[in-house]
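Before any comments, here is the structure.
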Amino acid sequence: MSEEMRIALRLTRPGFELAVDLSLPGQGVTVLFGPSGSGKTTLLRCVAGLEQASGQVLLKGVAWQDSAQGVFLPTWRRELGYVFQEASLFEHLNVRQNLRFGLERVRSASAARALDAALDLLGIGHLQDRAVASLSGGERQRVAMARALATEPKLLLLDEPMAALDVARKQEVLPWLQRLRSELQIPMLYVTHSVDELAQLADHVVVLRQGQVISSASAQAAWVQPELALAVGEQAGSLASGRVCERDSAYTLAQIEFEGGLLWVRDQGLQLGQSVRLRILARDVSLSVAEQDHSTIANRLAGTIESIHPDSHPSQALVRVRCGSALILARVTHRSLQALSLKVGSPVWCQIKSVALMG
Amino acid sequence: MNTLSAEAWPAIALTLQLASLTTLILLLLATPLAWWLSQTHSPWRSVVAAAATLPLVLPPTVLGFYLLVLLGPQGWVGQLTTALGLGTLSFSFSGLLIGSVVFSLPFAVQPIQHAFEAMGRRPMEVAATLRARPLDAFISVALPLARPGLLTAAVLSFAHTVGEFGVVLMLGGNIPGQTQVVSTQIYGHVEAMEYAQAHWLAAGMVVFSFLVLLALMRLQRKPDRLQA
């Protein structure tokens, strides 16, 4: 990972202190994850210059602010796009005027093309002549994203863009966000406290607690770290990316090859060679010392225990198992570990009851 | 028929002229002041806010008296204007205009300030993330969003100036054609026992004020409809 974004900031507010020092990748989605009050939104606002924190924000070598040099670019001079949590469209303008607001101010010859591309990417070309008040919540957020992208930002900041939407609207917006993730060349900072969004969108994860960074790692590494596992509770698990290597049309199953071995998943119309993202919940993984042939669980991976961590409940442990070059997280009881004499270094079989395919 | 007297028309014209100019000047002065009051965290905020509201509670005679002293030959503003070759402003239309602006200031500042406060910080932040400089954002986002407040301020300033009496009498002296407005003329008619003429003007004021307030009520319903 090359260091393309450096965010070292400190901000003191009554009863709250934000102090972070982050080096982040210059592409993909970095999710800022944490409970409310952990400072995620404040951090995002500081990066945008909406809050005056001291420290440094460097994007690909360009200083947006640097206290040591006395540099602080105001928000309007930072080449960023910002999507706010609630609908932030200008009510006195129609959709087209909203979309063109930023574009008219960047004075770039390619901005009009950027808007066209964004309209395409977000599927909102047909909404341009509508009044803002007539849009649904999901449509409003898509317009807000396109409006931000039309300024050709070097960094896209998204502050819980789906938090104000109901479940149905979330399902409507999420595919568009995934599309942005795969199509856009610019890095994105995405604030959320939703584990689902974290699992679906993150390439890199920063876990915040009380204004401090408690973990910053690639999504795959972050998911198997105890910090994130404890933060997401029941939804703890591991993430893997792999490729479809076989399809069993008789049983509508597909086999995925990933760093840890082979897994069968439900075939939802996959194509051979297609890359997919898998999520394996820790609670769906059980451990055994011998391979269980006489079991309905078809997904079994051999590995060795890499580490054992205390879980939030004293009866349980989080076990990291190395299978090939992948790490699988399992949630088991301390009693079972003791009964099977499992320790760090023990060879085990992971039995995986269910694997979720992510877009 | 005993309708409007000949000298009524100059008074009506002067009243309208005074009210229009006062409204124009107030919108130019009150908008930045209201913006500052709505945004600042300065310790001076409450002091300035109280001072800007003072004309609302002071008797017009008090206001008129101090303006008379200030603008008159002994006052420092009077001495300044005399030194500049402008003469003194008391008992002139300019003096009247200054008095009206001060007198109606709170009626302009408060609706605009409330409109800016109701808007919140978000629209200006959004504009900044879309590369709008502060002045650009103020003109293209804050002002249009505060439109109902600006309209209310204009209507109230205009109506309040038309209805002004005490300050005009103290500062303007009721000179026909120069500083005599409708309200002071009604006073003159009553003093002279010319009740018929007073009636015509007074009834005109009642109808005018009612229509203005009616228009205002209609205006103030608009923001709700916009949000729905």
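Going by the structure tokens order, chains are called A, B, ..., each with residues numbered from 1, while ligands are numbered from 1 in the order shown.
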Could you tell me, as a VMD selection string, which residues of segment 11-97 of chain B DSSP assigns to alpha helix (DSSP H) when given the backbone?
chain B and resid 11 to 39 45 to 57 60 to 71 76 to 83 93 to 97
Keeping only C-alpha atoms, write the selected residues as a PDB file, in the first residue's frame.
```pdb
ATOM      1  CA  ALA B  11     -47.648  64.477   1.716  1.00  0.00           C
ATOM      2  CA  ILE B  12     -48.698  61.127   0.253  1.00  0.00           C
ATOM      3  CA  ALA B  13     -45.958  61.319  -2.379  1.00  0.00           C
ATOM      4  CA  LEU B  14     -43.379  62.202   0.272  1.00  0.00           C
ATOM      5  CA  THR B  15     -44.561  59.344   2.499  1.00  0.00           C
ATOM      6  CA  LEU B  16     -44.214  56.823  -0.316  1.00  0.00           C
ATOM      7  CA  GLN B  17     -40.829  58.210  -1.311  1.00  0.00           C
ATOM      8  CA  LEU B  18     -39.609  58.072   2.267  1.00  0.00           C
ATOM      9  CA  ALA B  19     -40.915  54.548   2.780  1.00  0.00           C
ATOM     10  CA  SER B  20     -39.387  53.245  -0.480  1.00  0.00           C
ATOM     11  CA  LEU B  21     -35.967  54.748   0.178  1.00  0.00           C
ATOM     12  CA  THR B  22     -36.011  53.619   3.798  1.00  0.00           C
ATOM     13  CA  THR B  23     -36.879  50.059   2.711  1.00  0.00           C
ATOM     14  CA  LEU B  24     -34.103  50.032   0.127  1.00  0.00           C
ATOM     15  CA  ILE B  25     -31.485  51.327   2.547  1.00  0.00           C
ATOM     16  CA  LEU B  26     -32.667  48.978   5.284  1.00  0.00           C
ATOM     17  CA  LEU B  27     -32.415  45.903   3.069  1.00  0.00           C
ATOM     18  CA  LEU B  28     -28.848  46.874   2.191  1.00  0.00           C
ATOM     19  CA  LEU B  29     -27.911  47.531   5.824  1.00  0.00           C
ATOM     20  CA  ALA B  30     -29.952  44.885   7.614  1.00  0.00           C
ATOM     21  CA  THR B  31     -29.002  41.925   5.404  1.00  0.00           C
ATOM     22  CA  PRO B  32     -25.278  41.913   6.272  1.00  0.00           C
ATOM     23  CA  LEU B  33     -26.069  42.802   9.887  1.00  0.00           C
ATOM     24  CA  ALA B  34     -28.612  39.965  10.142  1.00  0.00           C
ATOM     25  CA  TRP B  35     -26.110  37.574   8.550  1.00  0.00           C
ATOM     26  CA  TRP B  36     -23.436  38.551  11.042  1.00  0.00           C
ATOM     27  CA  LEU B  37     -25.867  38.148  13.958  1.00  0.00           C
ATOM     28  CA  SER B  38     -26.957  34.724  12.685  1.00  0.00           C
ATOM     29  CA  GLN B  39     -23.412  33.392  12.230  1.00  0.00           C
ATOM     30  CA  ARG B  45     -23.235  39.609  19.403  1.00  0.00           C
ATOM     31  CA  SER B  46     -25.686  40.185  22.258  1.00  0.00           C
ATOM     32  CA  VAL B  47     -24.655  43.814  22.594  1.00  0.00           C
ATOM     33  CA  VAL B  48     -25.185  44.476  18.890  1.00  0.00           C
ATOM     34  CA  ALA B  49     -28.447  42.487  18.862  1.00  0.00           C
ATOM     35  CA  ALA B  50     -29.784  44.505  21.803  1.00  0.00           C
ATOM     36  CA  ALA B  51     -28.766  47.799  20.202  1.00  0.00           C
ATOM     37  CA  ALA B  52     -30.427  46.812  16.923  1.00  0.00           C
ATOM     38  CA  THR B  53     -33.643  45.964  18.772  1.00  0.00           C
ATOM     39  CA  LEU B  54     -33.671  49.153  20.857  1.00  0.00           C
ATOM     40  CA  PRO B  55     -35.807  51.214  18.411  1.00  0.00           C
ATOM     41  CA  LEU B  56     -38.549  48.621  18.905  1.00  0.00           C
ATOM     42  CA  VAL B  57     -39.033  49.464  22.568  1.00  0.00           C
ATOM     43  CA  PRO B  60     -40.266  57.451  19.069  1.00  0.00           C
ATOM     44  CA  THR B  61     -39.914  60.766  20.880  1.00  0.00           C
ATOM     45  CA  VAL B  62     -36.779  59.550  22.638  1.00  0.00           C
ATOM     46  CA  LEU B  63     -35.322  58.342  19.378  1.00  0.00           C
ATOM     47  CA  GLY B  64     -36.335  61.534  17.598  1.00  0.00           C
ATOM     48  CA  PHE B  65     -34.938  63.678  20.374  1.00  0.00           C
ATOM     49  CA  TYR B  66     -31.485  62.101  20.310  1.00  0.00           C
ATOM     50  CA  LEU B  67     -31.357  62.123  16.541  1.00  0.00           C
ATOM     51  CA  LEU B  68     -32.324  65.801  16.621  1.00  0.00           C
ATOM     52  CA  VAL B  69     -29.521  66.525  19.050  1.00  0.00           C
ATOM     53  CA  LEU B  70     -27.051  64.422  17.067  1.00  0.00           C
ATOM     54  CA  LEU B  71     -27.938  65.819  13.639  1.00  0.00           C
ATOM     55  CA  TRP B  76     -21.176  65.840  16.173  1.00  0.00           C
ATOM     56  CA  VAL B  77     -22.942  64.490  13.083  1.00  0.00           C
ATOM     57  CA  GLY B  78     -24.387  67.959  12.497  1.00  0.00           C
ATOM     58  CA  GLN B  79     -20.955  69.530  12.856  1.00  0.00           C
ATOM     59  CA  LEU B  80     -19.497  66.973  10.484  1.00  0.00           C
ATOM     60  CA  THR B  81     -22.160  67.569   7.829  1.00  0.00           C
ATOM     61  CA  THR B  82     -21.773  71.311   8.242  1.00  0.00           C
ATOM     62  CA  ALA B  83     -18.005  71.011   7.829  1.00  0.00           C
ATOM     63  CA  PHE B  93     -35.775  64.960   4.034  1.00  0.00           C
ATOM     64  CA  SER B  94     -32.321  63.390   4.557  1.00  0.00           C
ATOM     65  CA  GLY B  95     -32.723  63.751   8.301  1.00  0.00           C
ATOM     66  CA  LEU B  96     -36.125  62.138   8.055  1.00  0.00           C
ATOM     67  CA  LEU B  97     -34.651  59.281   6.067  1.00  0.00           C
TER      68      LEU B  97
END
```
I need the contact residues of chain A against chain B, so if you could list those with any atom within 12 Å, counting only C-alpha atoms, and return them as an NGL selection string, that would help.
:A and (45 or 47-51 or 73-93 or 97-107 or 131-134 or 144-153 or 155-158)
Which distance in Å separates atom CA of Ile352 of chain A and atom CA of Asn299 of chain A, to one decimal?
5.3 Å
Quick one, how far is atom CA of Gln197 of chain B from atom CA of Thr161 of chain B?
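Those two atoms sit 21.3 Å apart.
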Nearest candidate to Arg130 of chain A (options A:Ser336, A:Ile256, A:Met162, A:Val95; using only C-alpha atoms)
A:Val95
Sel. of strand (DSSP E or B) residues, segment 109-327 of chain A, as an MDAnalysis selection string:
chainID A and resid 155:159 188:192 204:209 212:218 237:248 253:258 261:266 275:281 285:288 299:310 316:323 326:327
What lies within 12 Å of Leu214 of chain B using only C-alpha atoms, ignoring chain neighbours under 5 positions off, as a ChimeraX atom specification?
/B:152,155-156,159,207-209,219-221
Convert the current residue selection to file output with C-alpha atoms, as an mmCIF file, in the first residue's frame.
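Resulting contents of selection19.cif:
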```
data_model
loop_
_atom_site.group_PDB
_atom_site.id
_atom_site.type_symbol
_atom_site.label_atom_id
_atom_site.label_comp_id
_atom_site.auth_asym_id
_atom_site.auth_seq_id
_atom_site.Cartn_x
_atom_site.Cartn_y
_atom_site.Cartn_z
ATOM 1 C CA THR B 152 -41.197 40.111 5.160
ATOM 2 C CA VAL B 155 -42.985 44.793 3.713
ATOM 3 C CA LEU B 156 -42.617 45.514 7.423
ATOM 4 C CA ALA B 159 -45.404 49.729 6.340
ATOM 5 C CA VAL B 207 -57.003 50.254 4.443
ATOM 6 C CA PHE B 208 -53.375 50.460 3.343
ATOM 7 C CA SER B 209 -52.046 48.903 6.540
ATOM 8 C CA LEU B 219 -46.084 35.629 2.289
ATOM 9 C CA GLN B 220 -45.424 33.952 5.582
ATOM 10 C CA ARG B 221 -47.459 30.898 4.662
#
```
Atomic distance atom CA of Met119 of chain B - atom CA of Leu122 of chain A, expressed in Å with one decimal
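Separation between atom CA of Met119 of chain B and atom CA of Leu122 of chain A: 28.4 Å.
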Using only C-alpha atoms, pick whichever of B:Val206, B:Ala154, B:Gln178, B:Phe138 has the shortest atom-to-atom distance to Gln110 of chain B.
B:Ala154
